[in-house]
$ cat data_16.txt   # compact mmCIF, C-alpha atoms
# COMPACT_ATOMS: atom_id res chain seq x y z
CA MET A 4 122.97 143.84 115.78
CA SER A 5 124.74 143.27 112.50
CA ASP A 6 123.02 142.36 109.29
CA THR A 7 123.97 138.98 107.91
CA ILE A 8 123.59 138.26 104.25
CA HIS A 9 123.04 134.64 103.43
CA GLN A 10 124.00 133.58 99.99
CA THR A 11 123.32 130.22 98.53
CA ALA A 12 126.41 129.01 96.73
CA MET A 13 125.69 128.10 93.18
CA ILE A 14 126.37 124.51 92.51
CA ARG A 15 128.23 124.23 89.25
CA PRO A 16 128.36 120.66 88.12
CA VAL A 17 130.61 119.47 85.36
CA ILE A 18 128.38 118.59 82.41
CA ARG A 19 130.06 116.18 80.03
CA ALA A 20 129.37 113.38 77.59
CA VAL A 21 128.50 110.07 79.22
CA ARG A 22 131.21 107.42 79.44
CA GLU A 23 130.86 103.68 79.82
CA SER A 24 132.36 104.05 83.30
CA ASP A 25 129.27 106.13 84.26
CA LEU A 26 126.83 103.30 83.61
CA ALA A 27 126.74 101.95 87.17
CA ALA A 28 125.76 105.40 88.47
CA VAL A 29 123.27 106.01 85.65
CA THR A 30 121.70 102.59 86.29
CA ARG A 31 121.36 103.32 90.03
CA ILE A 32 119.86 106.77 89.42
CA TYR A 33 117.29 105.45 86.96
CA GLY A 34 116.57 102.39 89.07
CA HIS A 35 115.69 104.59 92.03
CA HIS A 36 113.18 106.54 89.93
CA VAL A 37 111.66 103.41 88.41
CA GLU A 38 111.19 101.83 91.83
CA THR A 39 109.98 104.87 93.77
CA GLY A 40 108.57 107.42 91.34
CA LEU A 41 106.13 108.05 88.55
CA ALA A 42 108.39 109.77 86.01
CA SER A 43 109.00 106.46 84.23
CA PHE A 44 106.26 103.97 83.51
CA GLU A 45 108.71 101.08 83.68
CA GLU A 46 107.91 98.89 86.66
CA GLN A 47 111.20 97.00 86.99
CA ALA A 48 114.53 98.76 86.85
CA PRO A 49 116.70 97.61 83.94
CA ASP A 50 120.12 96.19 84.71
CA GLU A 51 123.41 97.74 83.67
CA SER A 52 123.70 95.68 80.49
CA GLU A 53 120.28 96.91 79.32
CA MET A 54 121.22 100.50 80.18
CA HIS A 55 124.43 100.01 78.18
CA ARG A 56 122.42 98.77 75.20
CA ARG A 57 120.11 101.80 75.41
CA MET A 58 122.99 104.26 75.78
CA THR A 59 124.88 102.76 72.83
CA ALA A 60 121.78 102.87 70.62
CA LEU A 61 121.25 106.56 71.37
CA ILE A 62 124.87 107.56 70.85
CA ASP A 63 125.14 105.47 67.67
CA GLY A 64 121.93 107.16 66.47
CA GLY A 65 123.53 110.59 66.78
CA TYR A 66 121.70 111.71 69.92
CA PRO A 67 123.31 113.55 72.85
CA TYR A 68 123.75 111.85 76.22
CA VAL A 69 125.33 113.80 79.08
CA VAL A 70 125.98 113.44 82.80
CA ALA A 71 126.39 115.92 85.64
CA GLU A 72 129.34 115.33 87.92
CA LEU A 73 129.90 116.86 91.36
CA ASP A 74 133.12 116.16 93.22
CA GLY A 75 133.86 113.30 90.85
CA ALA A 76 130.49 111.58 91.33
CA VAL A 77 127.75 111.32 88.69
CA VAL A 78 124.64 112.91 90.20
CA GLY A 79 122.40 113.06 87.14
CA TYR A 80 122.07 112.45 83.45
CA SER A 81 120.09 113.61 80.47
CA TYR A 82 119.72 112.57 76.87
CA ALA A 83 117.54 112.96 73.83
CA GLY A 84 116.29 110.15 71.67
CA PRO A 85 113.82 109.65 68.88
CA TYR A 86 110.33 110.95 69.59
CA ARG A 87 108.84 108.22 67.41
CA ALA A 88 110.38 105.59 65.14
CA ARG A 89 108.62 106.49 61.88
CA PRO A 90 110.72 108.50 59.39
CA GLY A 91 108.43 111.53 59.40
CA TYR A 92 109.43 112.17 63.04
CA ARG A 93 113.20 112.16 62.34
CA ASN A 94 113.53 115.88 63.09
CA SER A 95 111.90 115.59 66.51
CA VAL A 96 113.38 114.29 69.76
CA GLU A 97 112.16 113.38 73.22
CA ASN A 98 114.23 114.35 76.24
CA THR A 99 114.98 112.56 79.50
CA VAL A 100 116.56 113.89 82.69
CA TYR A 101 117.10 112.18 86.06
CA LEU A 102 119.00 113.13 89.21
CA VAL A 103 119.94 111.56 92.52
CA PRO A 104 117.45 112.87 95.11
CA GLN A 105 120.12 114.92 96.92
CA ALA A 106 120.86 116.90 93.72
CA GLN A 107 117.28 117.98 93.09
CA GLY A 108 116.37 121.65 93.38
CA LYS A 109 119.91 122.91 92.82
CA GLY A 110 119.79 123.83 89.11
CA ILE A 111 121.59 120.66 88.00
CA ALA A 112 118.65 119.32 85.98
CA LYS A 113 118.40 122.68 84.21
CA ALA A 114 122.10 122.60 83.31
CA LEU A 115 121.78 119.03 82.02
CA LEU A 116 118.66 119.70 79.97
CA GLN A 117 120.09 122.94 78.55
CA ALA A 118 123.14 121.00 77.36
CA VAL A 119 120.87 118.49 75.60
CA ILE A 120 118.77 121.27 74.05
CA ASP A 121 121.91 122.96 72.75
CA ALA A 122 123.31 119.71 71.36
CA CYS A 123 120.04 118.87 69.63
CA THR A 124 119.82 122.34 68.12
CA ASP A 125 123.41 122.01 66.87
CA ARG A 126 122.45 118.66 65.31
CA GLN A 127 119.60 120.33 63.40
CA PHE A 128 116.70 118.71 65.24
CA ARG A 129 113.62 120.96 65.12
CA GLN A 130 111.29 119.93 67.94
CA MET A 131 111.84 118.60 71.44
CA VAL A 132 109.07 116.82 73.32
CA ALA A 133 108.91 116.16 77.04
CA ILE A 134 106.62 113.39 78.22
CA ILE A 135 106.37 113.91 81.96
CA GLY A 136 104.95 111.17 84.15
CA ASP A 137 102.38 112.49 86.66
CA SER A 138 100.61 115.82 86.27
CA ASP A 139 101.53 116.52 89.92
CA ASN A 140 105.24 116.53 89.00
CA ALA A 141 105.59 120.29 89.49
CA ALA A 142 109.39 120.16 89.54
CA SER A 143 109.69 118.62 86.07
CA ILE A 144 106.90 120.75 84.62
CA GLY A 145 108.57 123.87 86.07
CA LEU A 146 111.99 122.82 84.79
CA HIS A 147 110.69 122.36 81.26
CA SER A 148 108.68 125.61 81.38
CA SER A 149 111.80 127.50 82.48
CA LEU A 150 113.57 126.28 79.34
CA GLY A 151 110.87 127.35 76.89
CA PHE A 152 108.66 124.26 76.77
CA GLU A 153 104.93 124.83 76.45
CA LEU A 154 102.18 122.58 77.70
CA VAL A 155 100.52 120.93 74.70
CA GLY A 156 98.39 118.34 76.41
CA ILE A 157 97.70 115.95 79.24
CA LEU A 158 96.87 112.30 78.72
CA ARG A 159 94.70 111.56 81.75
CA GLY A 160 95.14 108.25 83.54
CA ILE A 161 97.21 106.84 80.67
CA GLY A 162 99.42 104.69 82.88
CA PHE A 163 98.99 102.61 86.03
CA LYS A 164 101.84 102.43 88.52
CA HIS A 165 102.25 102.09 92.28
CA GLY A 166 98.56 101.30 92.64
CA ARG A 167 97.16 104.35 90.90
CA TRP A 168 96.36 105.85 87.53
CA VAL A 169 98.99 108.31 86.33
CA ASP A 170 98.75 111.14 83.79
CA SER A 171 101.34 111.99 81.15
CA VAL A 172 102.01 115.68 80.62
CA LEU A 173 103.10 116.58 77.08
CA MET A 174 105.31 119.64 76.64
CA GLN A 175 107.08 120.84 73.51
CA ARG A 176 109.60 123.45 72.40
CA ASN A 177 111.05 124.53 69.10
CA LEU A 178 114.71 123.92 68.38
CA GLY A 179 116.34 126.38 65.98
CA ASP A 180 113.76 127.45 63.39
CA GLY A 181 111.30 124.82 64.56
CA GLU A 182 108.65 124.41 61.88
CA LYS A 183 109.37 127.79 60.26
CA SER A 184 111.70 126.41 57.61
CA LEU A 185 112.40 123.14 55.84
CA PRO A 186 114.57 120.65 57.70
CA ALA A 187 118.11 119.77 56.67
CA ARG A 188 117.23 116.08 56.44

$ encode --input "data_16.txt" --output "structure tokens"
Amino acid sequence: MSDTIHQTAMIRPVIRAVRESDLAAVTRIYGHHVETGLASFEEQAPDESEMHRRMTALIDGGYPYVVAELDGAVVGYSYAGPYRARPGYRNSVENTVYLVPQAQGKGIAKALLQAVIDACTDRQFRQMVAIIGDSDNAASIGLHSSLGFELVGILRGIGFKHGRWVDSVLMQRNLGDGEKSLPAR
């Protein structure tokens, strides 16, 4: 009997800046999660024009927005945006990452989120916050933990979706010097 070594091929998506031509795919990906999951507390999926408005606002605001592409198809996206609107929060961002279901568990979300972390660090942001819908969302909590996020709190039963109360898990990580030095802005 011969020994067989099974290797899982690493999936290496192309991570690149979002383009307007990606909006249909991004809208479908997010719509799926709005309609079937608990990661977003939206109850109705926004249309493509609303997703375009949101994307443009983020890019115009100086925030990174990237997609993952496999074999020419967009299979996920990630971006950072303002954590809160008040000026005192200007050095902090909140991240978002979504994938098509078939791309989950393959390291694509990690590649996307790492690209956003790197871009935010380069842009001199100091803190990144993850607000994860559902404390049972082990995949997202694990993803964020693997990239240096720490659990800072759980808001119990803060949202109501799909007929049940849903927690929000708050995780945070430093970017660059974090709070150890004065910000550039």

$ closest_residue --input "data_16.txt" --among "A:Ser184, A:Leu61, A:Asp137, A:Gln105" --to "Arg167 (chain A)" --atoms "all atoms listed in the file"
A:Asp137

$ residues_near_point --input "data_16.txt" --point "(112.6, 120.6, 67.6)" --cutoff "7 Å" --atoms "all atoms listed in the file" --output "list in words"
Asn94, Ser95, Val96, Phe128, Arg129, Gln130, Met131, Arg176, Asn177, Leu178 and Gly181 of chain A

$ closest_residue --input "data_16.txt" --among "A:Ala28, A:Ala42, A:His55, A:Val70" --to "Ala141 (chain A)" --atoms "all atoms listed in the file"
A:Ala42

$ residues_around --input "data_16.txt" --residues "region 110-127 of chain A" --least-positions-apart "5" --cutoff "10 Å" --atoms "all atoms listed in the file" --output "JSON, numbers by chain"
{"A": [13, 14, 15, 16, 17, 18, 19, 20, 65, 66, 67, 68, 69, 70, 71, 72, 73, 78, 79, 80, 81, 82, 83, 84, 94, 95, 96, 98, 99, 100, 101, 102, 142, 143, 146, 147, 149, 150, 176, 177, 178, 179, 180, 181, 186, 187, 188]}

$ residues_near_point --input "data_16.txt" --point "(107.8, 111.8, 65.1)" --cutoff "10 Å" --atoms "all atoms listed in the file" --output "short mmCIF file (atom, residue, chain, number, x, y, z; two decimals) with C-alpha atoms, keeping the file's coordinate frame"
data_model
loop_
_atom_site.label_atom_id
_atom_site.label_comp_id
_atom_site.auth_asym_id
_atom_site.auth_seq_id
_atom_site.Cartn_x
_atom_site.Cartn_y
_atom_site.Cartn_z
CA PRO A 85 113.82 109.65 68.88
CA TYR A 86 110.33 110.95 69.59
CA ARG A 87 108.84 108.22 67.41
CA ALA A 88 110.38 105.59 65.14
CA ARG A 89 108.62 106.49 61.88
CA PRO A 90 110.72 108.50 59.39
CA GLY A 91 108.43 111.53 59.40
CA TYR A 92 109.43 112.17 63.04
CA ARG A 93 113.20 112.16 62.34
CA ASN A 94 113.53 115.88 63.09
CA SER A 95 111.90 115.59 66.51
CA VAL A 96 113.38 114.29 69.76
CA GLU A 97 112.16 113.38 73.22
CA GLN A 130 111.29 119.93 67.94
CA VAL A 132 109.07 116.82 73.32
#

$ axis_aligned_box --input "data_16.txt" --around "region 40-43 of chain A" --padding-each-side "8 Å" --output "JSON"
{"center_x": 107.6, "center_y": 108.1, "center_z": 87.8, "size_x": 18.9, "size_y": 19.3, "size_z": 23.1}

$ atom_distance --input "data_16.txt" --atom1 "CA of Gly145 (chain A)" --atom2 "CA of Ile157 (chain A)"
15.1 Å

$ atom_distance --input "data_16.txt" --atom1 "CA of Thr59 (chain A)" --atom2 "CA of Ser43 (chain A)"
19.9 Å

$ closest_residue --input "data_16.txt" --among "A:Ile161, A:Pro104, A:Gly151, A:Leu173" --to "Ala133 (chain A)" --atoms "all atoms listed in the file"
A:Leu173

$ residues_around --input "data_16.txt" --residues "Lys164 (chain A)" --least-positions-apart "5" --cutoff "8 Å" --atoms "all atoms listed in the file" --output "list in words"
Leu41, Phe44, Glu46 and Val169 of chain A

$ closest_residue --input "data_16.txt" --among "A:Phe163, A:Ser52, A:Val77, A:Gln175" --to "Ile144 (chain A)" --atoms "all atoms listed in the file"
A:Gln175

$ closest_residue --input "data_16.txt" --among "A:Leu185, A:Trp168, A:Ile32, A:Asn140" --to "Ala106 (chain A)" --atoms "all atoms listed in the file"
A:Ile32

$ atom_distance --input "data_16.txt" --atom1 "CA of Ala27 (chain A)" --atom2 "CA of Met58 (chain A)"
12.2 Å

$ closest_residue --input "data_16.txt" --among "A:Arg22, A:Arg57, A:Ile135, A:Gly40" --to "Ser148 (chain A)" --atoms "only C-alpha atoms"
A:Ile135
